[in-house]
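Participant: If it helps, the file is called upload01.pdb and holds PDB, C-alpha atoms:
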```pdb
MODEL        1
ATOM      1  CA  MET A   1      90.926  80.026  80.345  1.00  0.00           C
ATOM      2  CA  SER A   2      90.374  83.030  78.093  1.00  0.00           C
ATOM      3  CA  LEU A   3      87.150  84.963  78.546  1.00  0.00           C
ATOM      4  CA  GLU A   4      84.553  85.383  75.835  1.00  0.00           C
ATOM      5  CA  TYR A   5      83.400  88.656  77.433  1.00  0.00           C
ATOM      6  CA  ILE A   6      83.745  90.815  80.506  1.00  0.00           C
ATOM      7  CA  PHE A   7      80.367  92.281  81.435  1.00  0.00           C
ATOM      8  CA  ALA A   8      80.883  95.325  83.690  1.00  0.00           C
ATOM      9  CA  GLY A   9      77.763  96.941  85.145  1.00  0.00           C
ATOM     10  CA  LEU A  10      78.396 100.501  86.266  1.00  0.00           C
ATOM     11  CA  GLY A  11      76.970 102.018  89.417  1.00  0.00           C
ATOM     12  CA  ASN A  12      77.899 103.389  92.820  1.00  0.00           C
ATOM     13  CA  PRO A  13      78.705 101.101  95.765  1.00  0.00           C
ATOM     14  CA  GLY A  14      76.778 101.095  99.025  1.00  0.00           C
ATOM     15  CA  ALA A  15      73.228 100.800 100.317  1.00  0.00           C
ATOM     16  CA  PRO A  16      72.159 104.400  99.513  1.00  0.00           C
ATOM     17  CA  TYR A  17      72.613 103.700  95.790  1.00  0.00           C
ATOM     18  CA  VAL A  18      70.872 100.321  95.544  1.00  0.00           C
ATOM     19  CA  ARG A  19      68.080 100.391  92.933  1.00  0.00           C
ATOM     20  CA  THR A  20      68.827 103.950  91.853  1.00  0.00           C
ATOM     21  CA  ARG A  21      68.709 104.909  88.185  1.00  0.00           C
ATOM     22  CA  HIS A  22      72.498 105.321  88.110  1.00  0.00           C
ATOM     23  CA  ASN A  23      72.894 101.682  89.206  1.00  0.00           C
ATOM     24  CA  ALA A  24      70.877 100.240  86.318  1.00  0.00           C
ATOM     25  CA  GLY A  25      74.008  98.634  84.835  1.00  0.00           C
ATOM     26  CA  ALA A  26      74.961  97.007  88.129  1.00  0.00           C
ATOM     27  CA  GLU A  27      71.427  95.599  88.449  1.00  0.00           C
ATOM     28  CA  VAL A  28      71.600  94.071  84.971  1.00  0.00           C
ATOM     29  CA  VAL A  29      74.894  92.316  85.773  1.00  0.00           C
ATOM     30  CA  GLY A  30      73.478  91.068  89.076  1.00  0.00           C
ATOM     31  CA  GLU A  31      70.463  89.616  87.268  1.00  0.00           C
ATOM     32  CA  LEU A  32      72.674  88.045  84.591  1.00  0.00           C
ATOM     33  CA  GLY A  33      74.653  86.381  87.382  1.00  0.00           C
ATOM     34  CA  SER A  34      71.495  85.088  89.054  1.00  0.00           C
ATOM     35  CA  ARG A  35      70.221  83.661  85.771  1.00  0.00           C
ATOM     36  CA  HIS A  36      73.461  81.746  85.135  1.00  0.00           C
ATOM     37  CA  LYS A  37      74.211  80.836  88.763  1.00  0.00           C
ATOM     38  CA  ILE A  38      77.292  83.065  88.873  1.00  0.00           C
ATOM     39  CA  SER A  39      77.756  84.726  92.262  1.00  0.00           C
ATOM     40  CA  VAL A  40      79.004  88.260  91.724  1.00  0.00           C
ATOM     41  CA  ASP A  41      80.394  88.605  95.221  1.00  0.00           C
ATOM     42  CA  ARG A  42      84.167  88.090  95.131  1.00  0.00           C
ATOM     43  CA  SER A  43      86.227  91.213  95.767  1.00  0.00           C
ATOM     44  CA  LYS A  44      88.813  91.622  93.014  1.00  0.00           C
ATOM     45  CA  TYR A  45      89.957  94.343  90.577  1.00  0.00           C
ATOM     46  CA  HIS A  46      88.293  97.053  92.754  1.00  0.00           C
ATOM     47  CA  SER A  47      85.030  95.267  91.918  1.00  0.00           C
ATOM     48  CA  LEU A  48      82.655  92.537  92.925  1.00  0.00           C
ATOM     49  CA  VAL A  49      83.187  89.773  90.372  1.00  0.00           C
ATOM     50  CA  GLY A  50      82.047  86.313  89.457  1.00  0.00           C
ATOM     51  CA  GLN A  51      83.316  84.032  86.740  1.00  0.00           C
ATOM     52  CA  GLY A  52      81.278  81.360  85.013  1.00  0.00           C
ATOM     53  CA  ARG A  53      79.503  80.454  81.814  1.00  0.00           C
ATOM     54  CA  VAL A  54      76.939  82.636  80.091  1.00  0.00           C
ATOM     55  CA  SER A  55      75.168  80.730  77.335  1.00  0.00           C
ATOM     56  CA  GLY A  56      77.932  78.128  77.576  1.00  0.00           C
ATOM     57  CA  ARG A  57      80.866  80.529  77.156  1.00  0.00           C
ATOM     58  CA  PRO A  58      83.335  81.660  79.859  1.00  0.00           C
ATOM     59  CA  CYS A  59      82.616  85.198  81.030  1.00  0.00           C
ATOM     60  CA  LEU A  60      83.534  87.503  83.887  1.00  0.00           C
ATOM     61  CA  LEU A  61      80.727  89.492  85.478  1.00  0.00           C
ATOM     62  CA  ALA A  62      81.804  92.593  87.369  1.00  0.00           C
ATOM     63  CA  ILE A  63      80.301  95.451  89.333  1.00  0.00           C
ATOM     64  CA  PRO A  64      83.011  98.075  89.974  1.00  0.00           C
ATOM     65  CA  GLN A  65      83.133  99.216  93.599  1.00  0.00           C
ATOM     66  CA  THR A  66      84.831 102.488  92.796  1.00  0.00           C
ATOM     67  CA  TYR A  67      82.376 105.333  92.513  1.00  0.00           C
ATOM     68  CA  MET A  68      81.004 105.965  89.043  1.00  0.00           C
ATOM     69  CA  ASN A  69      83.572 108.637  88.155  1.00  0.00           C
ATOM     70  CA  LEU A  70      86.419 106.198  88.912  1.00  0.00           C
ATOM     71  CA  SER A  71      85.033 103.179  87.027  1.00  0.00           C
ATOM     72  CA  GLY A  72      87.947 103.248  84.599  1.00  0.00           C
ATOM     73  CA  LYS A  73      90.400 102.235  87.325  1.00  0.00           C
ATOM     74  CA  ALA A  74      88.479  99.004  88.000  1.00  0.00           C
ATOM     75  CA  VAL A  75      87.861  98.200  84.347  1.00  0.00           C
ATOM     76  CA  ARG A  76      91.491  98.745  83.351  1.00  0.00           C
ATOM     77  CA  ARG A  77      92.611  96.420  86.131  1.00  0.00           C
ATOM     78  CA  MET A  78      90.183  93.700  84.949  1.00  0.00           C
ATOM     79  CA  LEU A  79      91.427  93.854  81.378  1.00  0.00           C
ATOM     80  CA  THR A  80      95.087  93.936  82.426  1.00  0.00           C
ATOM     81  CA  TYR A  81      94.937  90.998  84.815  1.00  0.00           C
ATOM     82  CA  THR A  82      92.705  88.784  82.658  1.00  0.00           C
ATOM     83  CA  GLY A  83      94.446  89.642  79.369  1.00  0.00           C
ATOM     84  CA  THR A  84      91.067  90.408  77.796  1.00  0.00           C
ATOM     85  CA  PRO A  85      91.114  92.822  74.837  1.00  0.00           C
ATOM     86  CA  PRO A  86      88.831  95.888  74.990  1.00  0.00           C
ATOM     87  CA  GLU A  87      86.772  94.503  72.090  1.00  0.00           C
ATOM     88  CA  ARG A  88      85.569  91.801  74.530  1.00  0.00           C
ATOM     89  CA  LEU A  89      84.484  94.324  77.162  1.00  0.00           C
ATOM     90  CA  VAL A  90      80.814  95.274  77.530  1.00  0.00           C
ATOM     91  CA  ILE A  91      80.026  98.259  79.745  1.00  0.00           C
ATOM     92  CA  ILE A  92      76.392  98.249  80.881  1.00  0.00           C
ATOM     93  CA  HIS A  93      75.184 101.652  82.045  1.00  0.00           C
ATOM     94  CA  ASP A  94      72.257 104.003  82.510  1.00  0.00           C
ATOM     95  CA  ASP A  95      71.484 106.471  79.731  1.00  0.00           C
ATOM     96  CA  LEU A  96      69.648 109.777  80.210  1.00  0.00           C
ATOM     97  CA  ASP A  97      69.287 110.238  76.459  1.00  0.00           C
ATOM     98  CA  ARG A  98      67.096 107.159  76.031  1.00  0.00           C
ATOM     99  CA  PRO A  99      63.532 106.999  77.309  1.00  0.00           C
ATOM    100  CA  LEU A 100      62.817 104.693  80.214  1.00  0.00           C
ATOM    101  CA  GLY A 101      62.589 101.141  78.925  1.00  0.00           C
ATOM    102  CA  ARG A 102      64.733 101.547  75.809  1.00  0.00           C
ATOM    103  CA  LEU A 103      67.963  99.649  75.141  1.00  0.00           C
ATOM    104  CA  ARG A 104      70.828 100.329  72.804  1.00  0.00           C
ATOM    105  CA  LEU A 105      73.807  98.079  72.211  1.00  0.00           C
ATOM    106  CA  ARG A 106      76.637  99.650  70.275  1.00  0.00           C
ATOM    107  CA  ALA A 107      80.339  99.341  69.597  1.00  0.00           C
ATOM    108  CA  GLY A 108      82.589 102.279  70.368  1.00  0.00           C
ATOM    109  CA  GLY A 109      81.669 105.927  70.396  1.00  0.00           C
ATOM    110  CA  CYS A 110      82.071 108.769  72.843  1.00  0.00           C
ATOM    111  CA  ALA A 111      80.955 108.971  76.464  1.00  0.00           C
ATOM    112  CA  GLY A 112      77.831 110.963  75.637  1.00  0.00           C
ATOM    113  CA  GLY A 113      78.154 112.881  78.913  1.00  0.00           C
ATOM    114  CA  HIS A 114      78.191 109.729  81.074  1.00  0.00           C
ATOM    115  CA  ARG A 115      80.964 110.162  83.628  1.00  0.00           C
ATOM    116  CA  GLY A 116      81.447 106.439  84.229  1.00  0.00           C
ATOM    117  CA  VAL A 117      81.912 105.749  80.523  1.00  0.00           C
ATOM    118  CA  ALA A 118      84.185 108.798  80.250  1.00  0.00           C
ATOM    119  CA  ALA A 119      86.315 107.382  83.089  1.00  0.00           C
ATOM    120  CA  VAL A 120      86.621 104.044  81.267  1.00  0.00           C
ATOM    121  CA  ILE A 121      87.614 105.744  78.004  1.00  0.00           C
ATOM    122  CA  ALA A 122      90.177 107.912  79.807  1.00  0.00           C
ATOM    123  CA  SER A 123      91.644 104.988  81.702  1.00  0.00           C
ATOM    124  CA  LEU A 124      91.897 102.688  78.683  1.00  0.00           C
ATOM    125  CA  GLN A 125      92.854 105.572  76.368  1.00  0.00           C
ATOM    126  CA  ARG A 126      90.452 104.132  73.816  1.00  0.00           C
ATOM    127  CA  GLY A 127      86.721 103.778  73.331  1.00  0.00           C
ATOM    128  CA  ASP A 128      86.425 100.680  71.155  1.00  0.00           C
ATOM    129  CA  PHE A 129      84.532  98.589  73.669  1.00  0.00           C
ATOM    130  CA  LEU A 130      80.867  97.617  73.605  1.00  0.00           C
ATOM    131  CA  ARG A 131      78.201  99.485  75.556  1.00  0.00           C
ATOM    132  CA  LEU A 132      74.708  98.396  76.498  1.00  0.00           C
ATOM    133  CA  LYS A 133      72.785 101.537  77.330  1.00  0.00           C
ATOM    134  CA  ILE A 134      69.750 101.285  79.602  1.00  0.00           C
ATOM    135  CA  GLY A 135      67.271 104.131  79.107  1.00  0.00           C
ATOM    136  CA  ILE A 136      66.303 105.811  82.382  1.00  0.00           C
ATOM    137  CA  GLY A 137      64.498 108.876  81.008  1.00  0.00           C
ATOM    138  CA  ARG A 138      65.241 112.522  81.691  1.00  0.00           C
ATOM    139  CA  PRO A 139      64.635 114.684  84.752  1.00  0.00           C
ATOM    140  CA  ALA A 140      61.715 117.097  84.850  1.00  0.00           C
ATOM    141  CA  ALA A 141      62.446 120.657  83.792  1.00  0.00           C
ATOM    142  CA  GLY A 142      64.535 122.361  86.463  1.00  0.00           C
ATOM    143  CA  GLU A 143      65.421 119.140  88.306  1.00  0.00           C
ATOM    144  CA  PRO A 144      69.193 118.701  88.690  1.00  0.00           C
ATOM    145  CA  THR A 145      70.494 115.722  86.712  1.00  0.00           C
ATOM    146  CA  GLU A 146      72.617 114.578  89.670  1.00  0.00           C
ATOM    147  CA  ASP A 147      69.529 114.312  91.880  1.00  0.00           C
ATOM    148  CA  PHE A 148      67.550 112.491  89.204  1.00  0.00           C
ATOM    149  CA  VAL A 149      70.117 109.758  88.500  1.00  0.00           C
ATOM    150  CA  LEU A 150      70.646 109.087  92.216  1.00  0.00           C
ATOM    151  CA  ARG A 151      66.911 108.681  92.832  1.00  0.00           C
ATOM    152  CA  ARG A 152      65.154 105.325  92.755  1.00  0.00           C
ATOM    153  CA  PHE A 153      62.588 104.527  90.114  1.00  0.00           C
ATOM    154  CA  THR A 154      59.029 105.428  91.129  1.00  0.00           C
ATOM    155  CA  ARG A 155      56.457 102.738  91.859  1.00  0.00           C
ATOM    156  CA  GLN A 156      55.088 103.202  88.331  1.00  0.00           C
ATOM    157  CA  GLU A 157      58.545 103.139  86.717  1.00  0.00           C
ATOM    158  CA  ARG A 158      59.992 100.129  88.551  1.00  0.00           C
ATOM    159  CA  PRO A 159      57.995  97.489  86.580  1.00  0.00           C
ATOM    160  CA  ILE A 160      59.117  99.129  83.325  1.00  0.00           C
ATOM    161  CA  PHE A 161      62.725  99.000  84.479  1.00  0.00           C
ATOM    162  CA  LEU A 162      62.391  95.346  85.545  1.00  0.00           C
ATOM    163  CA  ASP A 163      61.126  94.471  82.068  1.00  0.00           C
ATOM    164  CA  THR A 164      64.043  96.416  80.584  1.00  0.00           C
ATOM    165  CA  ARG A 165      66.477  94.625  82.875  1.00  0.00           C
ATOM    166  CA  GLU A 166      65.103  91.289  81.639  1.00  0.00           C
ATOM    167  CA  ARG A 167      65.520  92.323  77.993  1.00  0.00           C
ATOM    168  CA  ALA A 168      69.045  93.584  78.738  1.00  0.00           C
ATOM    169  CA  VAL A 169      69.994  90.191  80.181  1.00  0.00           C
ATOM    170  CA  ARG A 170      68.582  88.463  77.096  1.00  0.00           C
ATOM    171  CA  ALA A 171      70.551  90.883  74.894  1.00  0.00           C
ATOM    172  CA  LEU A 172      73.805  89.970  76.664  1.00  0.00           C
ATOM    173  CA  GLU A 173      73.019  86.269  76.280  1.00  0.00           C
ATOM    174  CA  SER A 174      72.298  86.858  72.596  1.00  0.00           C
ATOM    175  CA  LEU A 175      75.575  88.748  72.171  1.00  0.00           C
ATOM    176  CA  VAL A 176      77.499  85.718  73.412  1.00  0.00           C
ATOM    177  CA  VAL A 177      75.688  83.295  71.092  1.00  0.00           C
ATOM    178  CA  ASP A 178      74.618  85.353  68.075  1.00  0.00           C
ATOM    179  CA  GLY A 179      77.217  88.135  67.877  1.00  0.00           C
ATOM    180  CA  LEU A 180      76.942  91.907  67.808  1.00  0.00           C
ATOM    181  CA  GLU A 181      75.100  92.599  64.545  1.00  0.00           C
ATOM    182  CA  LYS A 182      72.252  90.169  65.125  1.00  0.00           C
ATOM    183  CA  THR A 183      71.883  91.224  68.756  1.00  0.00           C
ATOM    184  CA  MET A 184      71.700  94.918  67.797  1.00  0.00           C
ATOM    185  CA  THR A 185      68.993  94.081  65.252  1.00  0.00           C
ATOM    186  CA  LEU A 186      66.995  92.099  67.794  1.00  0.00           C
ATOM    187  CA  PHE A 187      67.290  94.349  70.843  1.00  0.00           C
ATOM    188  CA  ASN A 188      68.038  97.946  69.926  1.00  0.00           C
ATOM    189  CA  SER A 189      64.936 100.034  70.457  1.00  0.00           C
ATOM    190  CA  SER A 190      64.180 102.043  67.385  1.00  0.00           C
ATOM    191  CA  SER A 191      61.540 104.458  68.564  1.00  0.00           C
TER     192      SER A 191
ENDMDL
END
```
With the file now loaded, output its structure as structure tokens.

Facilitator:
Amino acid sequence: MSLEYIFAGLGNPGAPYVRTRHNAGAEVVGELGSRHKISVDRSKYHSLVGQGRVSGRPCLLAIPQTYMNLSGKAVRRMLTYTGTPPERLVIIHDDLDRPLGRLRLRAGGCAGGHRGVAAVIASLQRGDFLRLKIGIGRPAAGEPTEDFVLRRFTRQERPIFLDTRERAVRALESLVVDGLEKTMTLFNSSS
């Protein structure tokens, strides 16, 4: 069975990274799996994966278990073994350049400083895959970026992120049914 999409949510494996800003992509894929009764718990392709139907179409949900900077190794393996073209890959990841709560779906582009996306581009030797960027905000002046992305959302921020996670799941469902252009129009935050 050929896959409509591979949805890969980037993050870092292990309990210390659960619910951190850097694991926003992994959380979105986990929620997408819950919504469609797809268990993302099988170890394969250096990832936790689950295969099932999203909005009626066959999809693979994956959370790479390599650390963020090695995400490309897992993603390349998924594409190779499933025979899925990069145009059917959606990388879901955190984005420092978008305010907390904002989404942006786009096709192609550069890594924008995100090491996980850079690892995927380097491993595939191309960047023509889809990305769903989850805005996590920026660190306070003087706060190291590495510390900020590995910190959990505050009590005030968590509800905003949960709403964003819900909209991200709906965007992925829309992508499957409605296609890229319509989904970008419906879900990309403009302000």

Participant: Could you give me, as a ChimeraX atom specification, the residues within 10 Å of Gly135 (chain A), counting only C-alpha atoms and dropping anything in the same chain fewer than 2 positions from it?

Facilitator: /A:21,24,93-104,132-133,137-138,161,164,189

Participant: Which is closest to Asn69 (chain A) among A:Leu105, A:Val18, A:Asn12, A:Glu87, if we use all atoms listed in the file?

Facilitator: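 Comparing A:Leu105, A:Val18, A:Asn12, A:Glu87 against Asn69 (chain A), the winner is A:Asn12.
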
Participant: Please provide as a ChimeraX atom specification all residues within 8 Å of Pro86 (chain A), with the sequence filter that same-chain residues fewer than 3 positions apart are discarded (counting all atoms listed in the file).

Facilitator: /A:79,89,128-129

Participant: Tell me which of A:Gly14, A:Gly116, A:Gly179, A:Gly127 sits closest to Pro85 (chain A), counting only C-alpha atoms.

Facilitator: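 Ranked by minimum distance to Pro85 (chain A), first place goes to A:Gly127.
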
Participant: List as a PyMOL selection string the protein and nucleic acid residues near Arg76 (chain A), meaning an atom at most 7 Å away when only C-alpha atoms are counted, but skip any in the same chain fewer than 4 places from it.

Facilitator: chain A and resi 72+80+123-124

Participant: Run the PyMOL selection byres ((chain A and resi 119) around 9) on the file and write out the hits as a PyMOL selection string.

Facilitator: chain A and resi 68-73+111+114-118+120-124

Participant: With distances taken over only C-alpha atoms, which residue among A:Ala107, A:Gln156, A:Leu10, A:Phe148 lies nearest Ile91 (chain A)?

Facilitator: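 Smallest separation from Ile91 (chain A) among the options: A:Leu10.
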
Participant: Report the residues retrieved by the PyMOL selection byres ((chain A and resi 41-56) around 7) from the displayed file, expressed as an NGL selection string.

Facilitator: :A and (36 or 38-40 or 57-66 or 74 or 77-78 or 173 or 176-177)

Participant: One decimal, in Å: what's the spacing between CA of Leu130 (chain A) and CA of Arg106 (chain A)?

Facilitator: 5.8 Å

Participant: Return as lines of an AutoDock Vina configuration file the centre and edge lengths, in Å with one decimal, of the box along x, y and z that encloses every atom of region 79-96 of chain A in the file, padded by 6 Å per side.

Facilitator:
```
center_x = 82.4
center_y = 99.3
center_z = 78.5
size_x = 37.4
size_y = 33.0
size_z = 24.7
```

Participant: How many Å separate CA of Ile92 (chain A) from CA of Arg131 (chain A)?

Facilitator: 5.8 Å

Participant: Kindly extract all protein, DNA and RNA residues lying within 7 Å of the coordinates (68.4, 108.9, 90.4) given in the file, considering only C-alpha atoms, and supply them as number ranges by chain.

Facilitator: A: 20-22, 147-152

Participant: How far is it from CA of Arg155 (chain A) to CA of Gly11 (chain A), in Å with one decimal?

Facilitator: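 So the two atoms, CA of Arg155 (chain A) and CA of Gly11 (chain A), lie 20.7 Å apart.
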
Participant: Considering all atoms listed in the file, can you say which of A:Leu3, A:Ala15, A:Leu162, A:Val90 comes closest to Glu27 (chain A)?

Facilitator: A:Leu162

Participant: Can you give me N, CA and C atoms for region 15-49 of chain A, written as a PDB file, keeping the file's coordinate frame?

Facilitator:
```pdb
ATOM      1  N   ALA A  15      74.682 100.901 100.169  1.00  0.00           N
ATOM      2  CA  ALA A  15      73.228 100.800 100.317  1.00  0.00           C
ATOM      3  C   ALA A  15      72.455 102.023  99.809  1.00  0.00           C
ATOM      4  N   PRO A  16      72.959 103.252  99.980  1.00  0.00           N
ATOM      5  CA  PRO A  16      72.159 104.400  99.513  1.00  0.00           C
ATOM      6  C   PRO A  16      71.912 104.398  97.998  1.00  0.00           C
ATOM      7  N   TYR A  17      72.719 103.661  97.251  1.00  0.00           N
ATOM      8  CA  TYR A  17      72.613 103.700  95.790  1.00  0.00           C
ATOM      9  C   TYR A  17      71.900 102.488  95.201  1.00  0.00           C
ATOM     10  N   VAL A  18      71.560 101.522  96.035  1.00  0.00           N
ATOM     11  CA  VAL A  18      70.872 100.321  95.544  1.00  0.00           C
ATOM     12  C   VAL A  18      69.552 100.720  94.888  1.00  0.00           C
ATOM     13  N   ARG A  19      69.312 100.181  93.713  1.00  0.00           N
ATOM     14  CA  ARG A  19      68.080 100.391  92.933  1.00  0.00           C
ATOM     15  C   ARG A  19      67.897 101.813  92.411  1.00  0.00           C
ATOM     16  N   THR A  20      68.955 102.614  92.443  1.00  0.00           N
ATOM     17  CA  THR A  20      68.827 103.950  91.853  1.00  0.00           C
ATOM     18  C   THR A  20      69.003 103.846  90.336  1.00  0.00           C
ATOM     19  N   ARG A  21      68.601 104.883  89.651  1.00  0.00           N
ATOM     20  CA  ARG A  21      68.709 104.909  88.185  1.00  0.00           C
ATOM     21  C   ARG A  21      70.165 104.733  87.743  1.00  0.00           C
ATOM     22  N   HIS A  22      71.079 105.359  88.470  1.00  0.00           N
ATOM     23  CA  HIS A  22      72.498 105.321  88.110  1.00  0.00           C
ATOM     24  C   HIS A  22      73.083 103.913  88.255  1.00  0.00           C
ATOM     25  N   ASN A  23      72.418 103.045  88.992  1.00  0.00           N
ATOM     26  CA  ASN A  23      72.894 101.682  89.206  1.00  0.00           C
ATOM     27  C   ASN A  23      72.197 100.673  88.299  1.00  0.00           C
ATOM     28  N   ALA A  24      71.571 101.143  87.239  1.00  0.00           N
ATOM     29  CA  ALA A  24      70.877 100.240  86.318  1.00  0.00           C
ATOM     30  C   ALA A  24      71.829  99.184  85.752  1.00  0.00           C
ATOM     31  N   GLY A  25      73.034  99.576  85.389  1.00  0.00           N
ATOM     32  CA  GLY A  25      74.008  98.634  84.835  1.00  0.00           C
ATOM     33  C   GLY A  25      74.393  97.560  85.830  1.00  0.00           C
ATOM     34  N   ALA A  26      74.617  97.966  87.082  1.00  0.00           N
ATOM     35  CA  ALA A  26      74.961  97.007  88.129  1.00  0.00           C
ATOM     36  C   ALA A  26      73.825  96.014  88.341  1.00  0.00           C
ATOM     37  N   GLU A  27      72.584  96.495  88.286  1.00  0.00           N
ATOM     38  CA  GLU A  27      71.427  95.599  88.449  1.00  0.00           C
ATOM     39  C   GLU A  27      71.345  94.575  87.327  1.00  0.00           C
ATOM     40  N   VAL A  28      71.641  94.998  86.105  1.00  0.00           N
ATOM     41  CA  VAL A  28      71.600  94.071  84.971  1.00  0.00           C
ATOM     42  C   VAL A  28      72.632  92.965  85.166  1.00  0.00           C
ATOM     43  N   VAL A  29      73.850  93.330  85.568  1.00  0.00           N
ATOM     44  CA  VAL A  29      74.894  92.316  85.773  1.00  0.00           C
ATOM     45  C   VAL A  29      74.517  91.378  86.918  1.00  0.00           C
ATOM     46  N   GLY A  30      73.931  91.914  87.976  1.00  0.00           N
ATOM     47  CA  GLY A  30      73.478  91.068  89.076  1.00  0.00           C
ATOM     48  C   GLY A  30      72.436  90.064  88.621  1.00  0.00           C
ATOM     49  N   GLU A  31      71.508  90.510  87.786  1.00  0.00           N
ATOM     50  CA  GLU A  31      70.463  89.616  87.268  1.00  0.00           C
ATOM     51  C   GLU A  31      71.042  88.580  86.312  1.00  0.00           C
ATOM     52  N   LEU A  32      72.000  88.993  85.484  1.00  0.00           N
ATOM     53  CA  LEU A  32      72.674  88.045  84.591  1.00  0.00           C
ATOM     54  C   LEU A  32      73.362  86.957  85.420  1.00  0.00           C
ATOM     55  N   GLY A  33      74.016  87.347  86.501  1.00  0.00           N
ATOM     56  CA  GLY A  33      74.653  86.381  87.382  1.00  0.00           C
ATOM     57  C   GLY A  33      73.649  85.422  87.989  1.00  0.00           C
ATOM     58  N   SER A  34      72.536  85.943  88.471  1.00  0.00           N
ATOM     59  CA  SER A  34      71.495  85.088  89.054  1.00  0.00           C
ATOM     60  C   SER A  34      70.987  84.074  88.035  1.00  0.00           C
ATOM     61  N   ARG A  35      70.759  84.521  86.827  1.00  0.00           N
ATOM     62  CA  ARG A  35      70.221  83.661  85.771  1.00  0.00           C
ATOM     63  C   ARG A  35      71.173  82.505  85.449  1.00  0.00           C
ATOM     64  N   HIS A  36      72.474  82.761  85.522  1.00  0.00           N
ATOM     65  CA  HIS A  36      73.461  81.746  85.135  1.00  0.00           C
ATOM     66  C   HIS A  36      74.202  81.151  86.334  1.00  0.00           C
ATOM     67  N   LYS A  37      73.632  81.383  87.530  1.00  0.00           N
ATOM     68  CA  LYS A  37      74.211  80.836  88.763  1.00  0.00           C
ATOM     69  C   LYS A  37      75.684  81.225  88.940  1.00  0.00           C
ATOM     70  N   ILE A  38      75.957  82.502  88.665  1.00  0.00           N
ATOM     71  CA  ILE A  38      77.292  83.065  88.873  1.00  0.00           C
ATOM     72  C   ILE A  38      77.168  84.082  90.005  1.00  0.00           C
ATOM     73  N   SER A  39      77.784  83.799  91.129  1.00  0.00           N
ATOM     74  CA  SER A  39      77.756  84.726  92.262  1.00  0.00           C
ATOM     75  C   SER A  39      78.720  85.874  91.993  1.00  0.00           C
ATOM     76  N   VAL A  40      78.186  87.072  91.971  1.00  0.00           N
ATOM     77  CA  VAL A  40      79.004  88.260  91.724  1.00  0.00           C
ATOM     78  C   VAL A  40      79.302  88.874  93.091  1.00  0.00           C
ATOM     79  N   ASP A  41      80.177  88.201  93.834  1.00  0.00           N
ATOM     80  CA  ASP A  41      80.394  88.605  95.221  1.00  0.00           C
ATOM     81  C   ASP A  41      81.850  88.515  95.684  1.00  0.00           C
ATOM     82  N   ARG A  42      82.752  88.182  94.770  1.00  0.00           N
ATOM     83  CA  ARG A  42      84.167  88.090  95.131  1.00  0.00           C
ATOM     84  C   ARG A  42      84.828  89.452  94.907  1.00  0.00           C
ATOM     85  N   SER A  43      85.580  89.913  95.877  1.00  0.00           N
ATOM     86  CA  SER A  43      86.227  91.213  95.767  1.00  0.00           C
ATOM     87  C   SER A  43      87.560  91.069  95.022  1.00  0.00           C
ATOM     88  N   LYS A  44      87.619  91.696  93.844  1.00  0.00           N
ATOM     89  CA  LYS A  44      88.813  91.622  93.014  1.00  0.00           C
ATOM     90  C   LYS A  44      88.746  92.755  91.986  1.00  0.00           C
ATOM     91  N   TYR A  45      89.881  93.278  91.594  1.00  0.00           N
ATOM     92  CA  TYR A  45      89.957  94.343  90.577  1.00  0.00           C
ATOM     93  C   TYR A  45      89.156  95.588  90.984  1.00  0.00           C
ATOM     94  N   HIS A  46      89.106  95.923  92.263  1.00  0.00           N
ATOM     95  CA  HIS A  46      88.293  97.053  92.754  1.00  0.00           C
ATOM     96  C   HIS A  46      86.828  96.853  92.382  1.00  0.00           C
ATOM     97  N   SER A  47      86.381  95.611  92.363  1.00  0.00           N
ATOM     98  CA  SER A  47      85.030  95.267  91.918  1.00  0.00           C
ATOM     99  C   SER A  47      84.516  94.070  92.691  1.00  0.00           C
ATOM    100  N   LEU A  48      83.228  93.825  92.565  1.00  0.00           N
ATOM    101  CA  LEU A  48      82.655  92.537  92.925  1.00  0.00           C
ATOM    102  C   LEU A  48      82.586  91.759  91.629  1.00  0.00           C
ATOM    103  N   VAL A  49      83.117  90.546  91.611  1.00  0.00           N
ATOM    104  CA  VAL A  49      83.187  89.773  90.372  1.00  0.00           C
ATOM    105  C   VAL A  49      82.706  88.342  90.587  1.00  0.00           C
TER     106      VAL A  49
END
```
